[in-house]
Every structure is written in structure tokens, then in C-alpha cells.
Amino acid sequence: MSLAGTPLSPQRRRFLQDSARAAGGCIVAGSLLAYLARDARALPAEALRPPGALPEQDFLSACIRCGLCVRDCPYDTLKLAELGVDAVATGTPYFTARDIPCEMCDDIPCVAACPTGALDPGLDDIDDAKMGVAVLVDQENCLNFLGLRCDVCYRVCPVIDEAITLELSHNTRSGHHAIFAPTVHADRCTGCGMCEKSCVLPEAAIKVLPARLARGSSAEHYLKGWEEKEAKGGPIVEGLIDLPDRLPGPGTDNLVAPGGFAPGYDLPGVGQ
Amino acid sequence: MSARVQIPVGQEAQAAKGWIGAHRFLLLRRLSQTFFLVLFLLGPWFGLWVVQGTLAGSLTLGVLPLTDPLILLQGMVAGHWPEVTALVGGLIVLIAYAMIGGRVYCAWVCPINPVTDAAHWLHRRLNLPKGWQPKRSTRLWVLSMVLIVSALTGVIAWELINPITMLHRGLVFGMGSVWAMIAGIFVFDLFVARHGWCGHVCPVGAFYGLVGSKSLLRVSAANRSACDDCMDCYAVCPENQVISPALKGKPGSSPVILSPDCTNCGRCIDVCAVDVFTYTHRFDDSLVAPSDPVAAPEKRAARPI
């Protein structure tokens with residue numbers, strides 16, 4: 001039977017046709033909208049969300065783009081992304097550390113201003129904020145790594161000696177100086193961006209990156225033996241015999257060099 | 001064909017009531033739109049922080065939270081349950097518009113309305129064809145599409161392209177390329193589809209229409225017996241499908257415009273030389289008795305709209 005025959009009910013046919021048309025149009029328009037939505041989730045690496053911001057995917061379902069956090073930011077750190085200007089989802093708040101970093105107000109006014117909870121009201125200590133993680137991205141240009149005492153990133157860090165420490169090592173170039181390497185400890189770094197802002201180089205050698213770029217992760221089944229041992233207060237496995245370590249020196253079978261084994265090419269039978 | 005057919009829309013009303021009288025609610029509406037915009041601009045421009053935020057969400061005098069309920073709804077279907085402040089703000093807005101008419105938002109607050117009104121004014125001046133006229137129910141489809149896309153992507157979807165909040169945020173925070181989008185809507189309404197954006201597409205209007213479908217404030221064609229079929233109300237009305245059931249209803253039918261599509265803009269009241277229309281509440285279906293039933297107004301040929 002032909003589908004194009006005389007309709008049993010013209011009204012029903014009309015209704016079905018109209019509905020199919022509207023639904024078809026909506027599927028096309030909706031796909032475009034969904035494409036835009038997918039696009040919006042890609043936050044550029046240099047754009048940092050305000051303190052307490054939910055993970056990006058949740059943030060975009062929670063932020064109504066009202067700008068109240070921007071209004072209550074006393075340092076004009078936060079701004080709303082403008083259409084066609086910023087690559088951040090239009091109307092959502094962000095900041096660029098190199099322009100104006102987060103000053104880490106004690107009362108966290110931006111979080112208090114957020115009406116929807118896109119900035120988590122559970123954040124009551126700004127030192128717990130995780131806006132990103134500072135990474136010393138360029139050791140070749142960092143003045144401290146060159147052996148100088150710039151130290152600016154370390155000095156400006158609001159969580160000084162915890163989020164950034166200076167780790168000493170021998171300067172092999174000069175032979176008798178130390179290198180004070182600025183070292184970030186990610187569990188204490190809030191991602192405020194003071195270090196990036198203050199880096200004296202034309203392009204900062206230390207940058208705040210989103211955690212997804214800045215960090216690796218430890219596999220769940222990895223245990224640190226020395227921590228386990230300390231937690232237990234004794235050997236992890238009972239009944240192991242602890243044999244004496246073989247130390248270099250006279251009276252042992254390792255006579256070549258203190259602190260090392262004989263290189264393979266010196267052994268008899270291995271020709272050079 | 002009577003010579004009166006060629007009279008420009010609203011001219012008779014102007015002759016009868018004066019220019020101010022024939023533009024009363026239009027002027028009030030522009031005043032209201034300006035008022036709500038200036039409230040938001042006082043802070044950033046003059047440092048007077050009466051209202052902070054945008055139409056999406058705001059805080060008045062530091063105590064009154066207001067939130068756009070459609071944005072909240074999208075957020076909820078996208079998987080985020082908002083904090084109490086936003087919920088209270090959304091509820092206040094919902095109750096207010098459920099009382100005074102949902103689409104009062106469209107006519108009296110929305111910053112896109114002057115843009116599409118201007119497009120329609122030029123459209124009439126240039127005598128352009130109606131163009132693409134999708135069904136009025138299209139916007140309901142768009143509304144459901146927006147909610148579905150929000151649910152599927154987990155993103156407040158309409159805020160990616162919503163010209164209302166974009167224009168408002170642009171004015172309050174910084175424009176970016178929003179001008180191009182506004183120009184796009186103007187051109188769409190002018191050349192592609194008459195009353196296209198607000199009348200057929202915008203899901204925000206559709207949502208507020210649903211919110212205010214049982215609202216109290218309504219326009220009534222109480223004096224419909226005086227109608228002389230000049231068709232001026234049809235020409236100015238942005239949703240002119242709402243007029244006929246009230247104005248041309250069978251004897252005994254209610255003269256109140258009950259369609260949720262009506263934006264309560266009041267242009268029909270302005271433009272009617274014989275004062276057929278008036279604001280009233282939805283239960284007031286009283287009719288003005290014809291003062292002199294014998295001298296009925298002279299009927300005339302309809303103006304092409």
C-alpha cells in the first residue's frame with residue numbers, strides 16, 4: 001500500500017508532518033549547539049578559574065555567568081570572557097596569572113559572591129585553593145638555575161617555604177658555588193600565579209598550569225617502602241635475614257675504586 | 001477601496017489622542033527597559049552599586065538575589081544543583097512573572113526588544129515581505145532542544161549563544177564581538193523573518209510564556225464593539241495571533257487576551273483610536289456596552305498586514 005495514498009486522517013498526517021519538520025530542525029540546530037558546548041569545554045592552559053572553581057565540566061553546568069565574583073574581586077584579577085576575544089567559554093570568569101595574579105584574600109570574596117556554588121562554598125581557607133600548579137617550565141633560562149640568586153618567585157610566594165622551596169645543589173659550572181633551585185611542591189601550591197607574575201624574565205620561566213597539564217599521577221598500587229616501614233615501625237616483611245652490605249675497600253672483593261664497581265672493560269677477557 | 005486604508009498605522013490614534021497619548025505605553029516601555037539597564041550600569045559607570053551582576057544573576061543592594069530561572073533550569077538538567085541563594089533568586093523571579101505575565105520580561109525588560117522592535121519598524125517602513133514564518137510553536141521546540149542539549153552535554157547550552165544575556169553582559173562588562181551577534185538578529189528580523197527572533201525562535205520568551213500562562217495582568221478588548229476594523233492593532237502587535245480570539249470572538253466569549261504569547265506590551269492600547277483595549281486582570285471579562293448601538297462605526301476594507 002502506498003504511503004502517499006489518501007490519508008486516513010488529514011489532521012493526523014499534518015500533525016505528524018509538522019512534528020517531523022520541527023524535530024528535524026531541532027536535531028540540526030541542537031547538533032550545532034552541542035558542538036559549541038563541546039568546544040566551550042576546552043579551557044586554554046593560561047586561563048585560570050577563580051579559587052574554589054569546580055572541575056571544568058561541572059563548572060560549565062553551574063556557572064550562570066552573572067559576573068558577581070568579578071565584581072567582588074578587590075584586585076580586578078577576575079574578568080569575564082568576552083565573545084570572540086577570549087578563547088574561554090563566553091561570559092565565564094577567569095584570570096591570567098601573568099597579567100594580574102590572585103592575591104589570595106583571606107575572606108575569599110569571589111567564592112562568597114557566587115550564587116550557584118560554581119565556586120565551591122566549602123572552600124574556607126584560601127591556602128587550600130587549587131587554581132592550578134606552578135611549574136618551573138624553563139630551567140635553561142631561570143636565573144637561579146644559572147647560579148644567580150634571583151629568588152623572586154620564592155620570595156613572593158604567599159605560601160613561601162611550603163609551596164616553593166629553594167633546594168641546594170652543587171654548581172658544577174663554577175665548581176665552588178651552589179645552585180638554589182626553586183622547587184614547587186604541588187600539594188601546597190594554590191596556583192595563585194604570584195610567582196609567574198613576578199618572574200623577572202621577559203617570558204616567565206615559572207608558569208601556573210592547570211593540574212591536568214602540570215602533574216602526573218602515582219599509580220594506586222605503588223607503595224613507598226620507606227613510608228610503609230616507618231608507619232609500621234619495623235620491617236614490612238617479618239623474618240627476613242639482613243645480610244651485611246658489601247662495602248668497597250681493603251679486605252673486600254671490590255678493590256677498584258671507593259664507591260664503585262670495576263668497569264667492565266678492565267675485566268680480564270674483555271678486549272678493548 | 002476606501003481612502004482610509006492607506007492611512008499609516010497609528011495616524012488615527014495620533015489624531016484622536018495626540019502623539020504622547022498614542023505612544024504612551026511604548027514610551028513607558030522604553031523607559032522601563034532603560035531603567036533596568038541603567039540600574040545595572042550605575043555601578044560600573046558611576047560607582048553606585050545598587051545592582052551587581054547581570055540579568056543572568058544579580059544582587060540588589062547587597063540583599064536581594066535574582067536569578068534567571070531558565071538558566072538555573074538548564075544548570076539543573078546539566079547536573080548541578082545550585083546553592084540556596086540562586087534558588088531563592090530564581091523563585092522570586094518566577095513568582096513575579098507568574099503574577100504579572102511571563103512575557104512582560106520580553107516587552108518591558110529584555111534588552112533585545114528595542115533591537116527587534118527597530119527591525120520591525122524598519123520592516124514596515126520598507127514594506128518588506130513577511131519572509132520565513134515558522135509556526136509559533138517553533139520556540140517551544142527550541143526550548144526543549146536547549147534543555148536536551150544541556151542534559152546531554154552537561155553545559156548550560158543556551159548561554160553559549162543567548163543574545164539577551166550576551167548583550168546585557170556586553171554592556172555591563174565589555175562587548176567583545178557581541179555587536180556582530182546583535183546586528184545578525186537585526187538583519188534576521190528585517191530581511192529573513194518578520195518578528196523572527198522574539199516571535200518564533202527565542203526559547204527564553206517561550207519559557208517566560210509558559211511561566212506566565214496563568215498570569216493575572218492581561219489586556220482586554222473590553223470595548224470591542226467600538227472596533228472599526230482598521231487593523232492597526234494587528235499591524236503593531238508582535239504576536240498578533242493573540243488578538244483575534246478576544247477582539248473577534250463570538251458574542252458571549254471573553255474579551256480578555258488569554259494567550260500566553262501576549263507580551264503585555266500595550267501597543268494595541270496605544271494604537272487604537274477608539275480605545276478598544278485596556279489593561280485589566282484575567283478574570284475581568286466585562287464588556288463596555290456600546291454607547292449608541294445604532295451608530296455603529298463605519299466598517300472598512302482591511303489593511304494588508
# chains A, B, ... in the order shown; residues from 1 in each chain; ligands from 1
$ residues_around --residues "Asn113 (chain B)" --least-positions-apart "3" --cutoff "10 Å" --atoms "only C-alpha atoms" --output "PyMOL selection string"
chain B and resi 29-30+33+105-110+116-119+164+197-198
$ write_last_selection --atoms "N, CA and C atoms" --output "PDB file, in the first residue's frame"
ATOM      1  N   ARG B  29       7.447  51.737  28.102  1.00  0.00           N
ATOM      2  CA  ARG B  29       8.236  50.519  27.918  1.00  0.00           C
ATOM      3  C   ARG B  29       9.712  50.845  27.708  1.00  0.00           C
ATOM      4  N   ARG B  30       9.963  51.844  26.854  1.00  0.00           N
ATOM      5  CA  ARG B  30      11.361  52.247  26.647  1.00  0.00           C
ATOM      6  C   ARG B  30      11.960  52.772  27.954  1.00  0.00           C
ATOM      7  N   GLN B  33      12.711  49.702  30.051  1.00  0.00           N
ATOM      8  CA  GLN B  33      13.909  48.999  29.561  1.00  0.00           C
ATOM      9  C   GLN B  33      15.170  49.772  29.939  1.00  0.00           C
ATOM     10  N   TYR B 105       8.557  40.211  30.733  1.00  0.00           N
ATOM     11  CA  TYR B 105      10.018  40.254  30.633  1.00  0.00           C
ATOM     12  C   TYR B 105      10.434  40.672  29.227  1.00  0.00           C
ATOM     13  N   CYS B 106       9.815  40.041  28.211  1.00  0.00           N
ATOM     14  CA  CYS B 106      10.180  40.303  26.819  1.00  0.00           C
ATOM     15  C   CYS B 106       9.952  41.768  26.456  1.00  0.00           C
ATOM     16  N   ALA B 107       8.795  42.304  26.847  1.00  0.00           N
ATOM     17  CA  ALA B 107       8.410  43.629  26.381  1.00  0.00           C
ATOM     18  C   ALA B 107       8.974  44.756  27.242  1.00  0.00           C
ATOM     19  N   TRP B 108       9.163  44.496  28.523  1.00  0.00           N
ATOM     20  CA  TRP B 108       9.489  45.594  29.431  1.00  0.00           C
ATOM     21  C   TRP B 108      10.898  45.549  29.984  1.00  0.00           C
ATOM     22  N   VAL B 109      11.599  44.435  29.870  1.00  0.00           N
ATOM     23  CA  VAL B 109      12.928  44.316  30.476  1.00  0.00           C
ATOM     24  C   VAL B 109      13.997  43.954  29.450  1.00  0.00           C
ATOM     25  N   CYS B 110      13.717  42.982  28.603  1.00  0.00           N
ATOM     26  CA  CYS B 110      14.729  42.396  27.722  1.00  0.00           C
ATOM     27  C   CYS B 110      15.413  43.446  26.848  1.00  0.00           C
ATOM     28  N   THR B 116      14.815  44.276  18.110  1.00  0.00           N
ATOM     29  CA  THR B 116      13.855  43.643  17.197  1.00  0.00           C
ATOM     30  C   THR B 116      12.697  44.589  16.902  1.00  0.00           C
ATOM     31  N   ASP B 117      12.344  45.471  17.851  1.00  0.00           N
ATOM     32  CA  ASP B 117      11.330  46.489  17.571  1.00  0.00           C
ATOM     33  C   ASP B 117      11.805  47.420  16.454  1.00  0.00           C
ATOM     34  N   ALA B 118      13.076  47.804  16.520  1.00  0.00           N
ATOM     35  CA  ALA B 118      13.629  48.679  15.490  1.00  0.00           C
ATOM     36  C   ALA B 118      13.610  47.972  14.136  1.00  0.00           C
ATOM     37  N   ALA B 119      13.944  46.686  14.156  1.00  0.00           N
ATOM     38  CA  ALA B 119      13.921  45.925  12.905  1.00  0.00           C
ATOM     39  C   ALA B 119      12.502  45.882  12.344  1.00  0.00           C
ATOM     40  N   ILE B 164      20.370  37.730  24.670  1.00  0.00           N
ATOM     41  CA  ILE B 164      19.868  38.620  25.730  1.00  0.00           C
ATOM     42  C   ILE B 164      20.952  38.840  26.772  1.00  0.00           C
ATOM     43  N   TRP B 197      12.973  36.547  15.524  1.00  0.00           N
ATOM     44  CA  TRP B 197      13.674  36.110  16.729  1.00  0.00           C
ATOM     45  C   TRP B 197      12.732  36.014  17.920  1.00  0.00           C
ATOM     46  N   CYS B 198      12.128  37.142  18.302  1.00  0.00           N
ATOM     47  CA  CYS B 198      11.307  37.142  19.519  1.00  0.00           C
ATOM     48  C   CYS B 198      10.015  36.357  19.322  1.00  0.00           C
TER      49      CYS B 198
END
$ interface_residues --of "chain B" --to "chain A" --cutoff "6 Å" --atoms "only C-alpha atoms" --output "ChimeraX atom specification"
/B:53-54,56-57,75,78,80,82-83,85-86,149,154-156,176-177
$ select_by_dssp --residues "region 32-166 of chain A" --states "strand (DSSP E)" --output "VMD selection string"
chain A and resid 79 to 80 93 to 94 133 to 136 164 to 166
$ select_by_dssp --residues "region 158-256 of chain B" --states "helix (DSSP H, G or I)" --output "PyMOL selection string"
chain B and resi 158-160+163-173+178-192+196-201+203-211+224-226+232-236+240-247
$ residues_around --residues "Asp128 (chain A)" --least-positions-apart "3" --cutoff "10 Å" --atoms "only C-alpha atoms" --output "MDAnalysis selection string"
chainID A and resid 51:52 123:125 131 187:190
$ residues_around --residues "region 128-141 of chain B" --least-positions-apart "2" --cutoff "6 Å" --atoms "only C-alpha atoms" --output "MDAnalysis selection string"
chainID B and resid 123 126 143:144 192:194 200:203 206
$ residues_around --residues "Leu41 (chain B)" --least-positions-apart "5" --cutoff "9 Å" --atoms "only C-alpha atoms" --output "list of chain:residue names"
B:Phe36, B:Phe46, B:Gly47, B:Leu48, B:Trp49, B:Val51, B:Gln52, B:Leu171, B:Val172
$ write_last_selection --atoms "C-alpha atoms" --output "PDB file, in the first residue's frame"
ATOM      1  CA  PHE B  36      16.514  48.228  34.222  1.00  0.00           C
ATOM      2  CA  PHE B  46      29.390  55.781  38.254  1.00  0.00           C
ATOM      3  CA  GLY B  47      30.393  53.594  41.172  1.00  0.00           C
ATOM      4  CA  LEU B  48      26.833  53.494  42.570  1.00  0.00           C
ATOM      5  CA  TRP B  49      26.387  49.830  43.376  1.00  0.00           C
ATOM      6  CA  VAL B  51      22.641  46.277  41.475  1.00  0.00           C
ATOM      7  CA  GLN B  52      25.600  43.982  40.867  1.00  0.00           C
ATOM      8  CA  LEU B 171      27.023  46.477  28.103  1.00  0.00           C
ATOM      9  CA  VAL B 172      27.874  45.891  31.754  1.00  0.00           C
TER      10      VAL B 172
END
$ residues_around --residues "Ala205 (chain A)" --least-positions-apart "4" --cutoff "6 Å" --atoms "only C-alpha atoms" --output "JSON, numbers by chain"
{"A": [136, 137, 138, 142]}
$ write_last_selection --atoms "C-alpha atoms" --output "tab-separated table (two decimals), in the first residue's frame"
chain	number	residue	atom	x	y	z
A	136	LEU	CA	59.30	25.85	36.58
A	137	VAL	CA	58.99	25.28	32.88
A	138	ASP	CA	62.32	26.67	31.70
A	142	CYS	CA	65.75	30.55	35.09
